[in-house]
Amino acid sequence: MIQRAAPAYIRKLFRFSSPHLQGLFEGTKAYRQDNGGLSLFRPRENAIRMQIGAERMCMPYPSTDQFVDAVKQTALANKRWIPPPGKGSLYIRPLLFGSGSILGLAPAPEYTFLVYASPVGNYFKEGTAPLNLYVDEDFHRASRGGAGGVKSITNYAPVLRAIRNARERGFSDVLYLDSVNKKYIEEVSSCNIFVVKGKVISTPIACGTILEGVTRKSIMVIAIDLGYQVEERLIEADELISADEVFCTGTAVGVAPVGSITYKGQRIEYKIRSELVCKKLYSTLVGIQKGHIEDKKDWIVDIE
């Protein structure tokens, strides 16, 4: 039997890759304020979330100060790409992954932490138009005991098919149900979800299958400050029928109103009014990020 050496590019691939791919990523943004200054929004929260995820994935991780400094340096190095106020932001992607070579099922011997960035506008192609969501009863984003509560790379590739199927049918994104009872809503592919009924704002409780978004946390605090009652609880999909309003939150999407949700063949439509609760919450959030509203909670980190 003739044995041939693997081509150089294959040898290089095995030398530098970890085949089971331990990996985490974060997402934050740099903003250009009206006074010309540059700022970050709650980057320490992202650092802490990466640390929690790294513990779950058996990975070493940068300290909070190292993480924040890396994000600051990346923003400053790319400051000419930060859009003017109101035109977008600089999306910053910290990434931590196993890069040491290993063939067995074990933590990688080496890890790489890197940060890259890109100017961005609206996340969805609809822009600021209301989202049309589809409740998928066949695909699940996460399961109990898994890694759904951390920002692992393993949470995103499995939902690509569900997203593709939904978009081919004209929907913006997919709303997933819990994998056990298949009746409680959890989150959308890339963002958290909120349900409004009167003065009560509810969001699915984070119990290991839902990512605790930084924007989610911030909106909950802002809502309480504005006099709303905020609940984290199990929310049955059937409750969507009687909701006054539904909206999504995330670093990439900001705060996006939902125009309709299709569940079990029924299209539930929500009235989009100028006095939407989510618009009031988003206006406050953006006001803090841009410096229009006083930051009383030390959420803003000025970098220039």
# chains A, B, ... in the order shown; residues from 1 in each chain; ligands from 1
call {"tool": "select_by_dssp", "arguments": {"residues": "stretch 184-266 of chain A", "states": "alpha helix (DSSP H)", "output": "list in words"}}
result
Val214, Thr215, Arg216, Lys217, Ser218, Ile219, Met220, Val221, Ile222, Ala223, Ile224 and Asp225 of chain A
call {"tool": "write_last_selection", "arguments": {"atoms": "C-alpha atoms", "output": "short mmCIF file (atom, residue, chain, number, x, y, z; two decimals), in the first residue's frame"}}
result
data_model
loop_
_atom_site.label_atom_id
_atom_site.label_comp_id
_atom_site.auth_asym_id
_atom_site.auth_seq_id
_atom_site.Cartn_x
_atom_site.Cartn_y
_atom_site.Cartn_z
CA VAL A 214 -27.10 43.23 27.62
CA THR A 215 -29.83 45.19 25.81
CA ARG A 216 -32.44 42.96 27.48
CA LYS A 217 -31.05 43.82 30.92
CA SER A 218 -30.89 47.52 30.09
CA ILE A 219 -34.44 47.69 28.74
CA MET A 220 -35.77 45.97 31.86
CA VAL A 221 -34.12 48.60 34.07
CA ILE A 222 -35.34 51.46 31.89
CA ALA A 223 -38.89 50.06 31.90
CA ILE A 224 -38.95 49.91 35.69
CA ASP A 225 -37.63 53.49 35.86
#
call {"tool": "select_by_dssp", "arguments": {"residues": "stretch 261-301 of chain A", "states": "strand (DSSP E or B)", "output": "number ranges by chain"}}
result
A: 261-263, 266-269, 300-301
call {"tool": "residues_around", "arguments": {"residues": "A:Ile303", "least_positions_apart": "2", "cutoff": "7 Å", "atoms": "only C-alpha atoms", "output": "list in words"}}
result
Leu38, Ser39, Lys72 and Val301 of chain A
call {"tool": "closest_atom_pairs", "arguments": {"of": "stretch 231-301 of chain A", "to": "stretch 167-174 of chain A", "cutoff": "12 Å", "atoms": "only C-alpha atoms", "output": "tab-separated table"}}
result
residue	atom	partner	partner_atom	distance
A:Cys248	CA	A:Asp173	CA	10.9
A:Val253	CA	A:Asp173	CA	11.9
A:Ala256	CA	A:Ser172	CA	11.4
A:Pro257	CA	A:Ser172	CA	11.7
A:Val258	CA	A:Ser172	CA	9.7
A:Gly259	CA	A:Ser172	CA	10.3
A:Ser260	CA	A:Phe171	CA	9.4
A:Ile261	CA	A:Phe171	CA	9.1
A:Thr262	CA	A:Phe171	CA	9.0
A:Tyr263	CA	A:Val174	CA	10.6
A:Arg267	CA	A:Phe171	CA	11.3
call {"tool": "closest_atom_pairs", "arguments": {"of": "stretch 205-255 of chain A", "to": "stretch 117-141 of chain A", "cutoff": "10 Å", "atoms": "only C-alpha atoms", "output": "CSV"}}
result
residue,atom,partner,partner_atom,distance
A:Thr209,CA,A:Arg141,CA,8.2
A:Ile210,CA,A:Arg141,CA,9.0
A:Ala237,CA,A:Val135,CA,8.6
A:Val246,CA,A:Leu131,CA,9.8
A:Phe247,CA,A:Leu131,CA,8.5
A:Cys248,CA,A:Leu131,CA,8.9
A:Gly250,CA,A:Tyr123,CA,9.9
A:Thr251,CA,A:Tyr123,CA,9.5
A:Ala252,CA,A:Tyr123,CA,5.9
A:Val253,CA,A:Tyr123,CA,5.3
A:Gly254,CA,A:Tyr123,CA,8.5
A:Val255,CA,A:Thr128,CA,9.4
call {"tool": "residues_around", "arguments": {"residues": "stretch 285-299 of chain A", "least_positions_apart": "4", "cutoff": "7 Å", "atoms": "only C-alpha atoms", "output": "PyMOL selection string"}}
result
chain A and resi 33-34+41-42+281
call {"tool": "closest_residue", "arguments": {"among": "A:Tyr184, A:Ile153, A:Thr249, A:Lys264", "to": "A:Arg233", "atoms": "only C-alpha atoms"}}
result
A:Tyr184
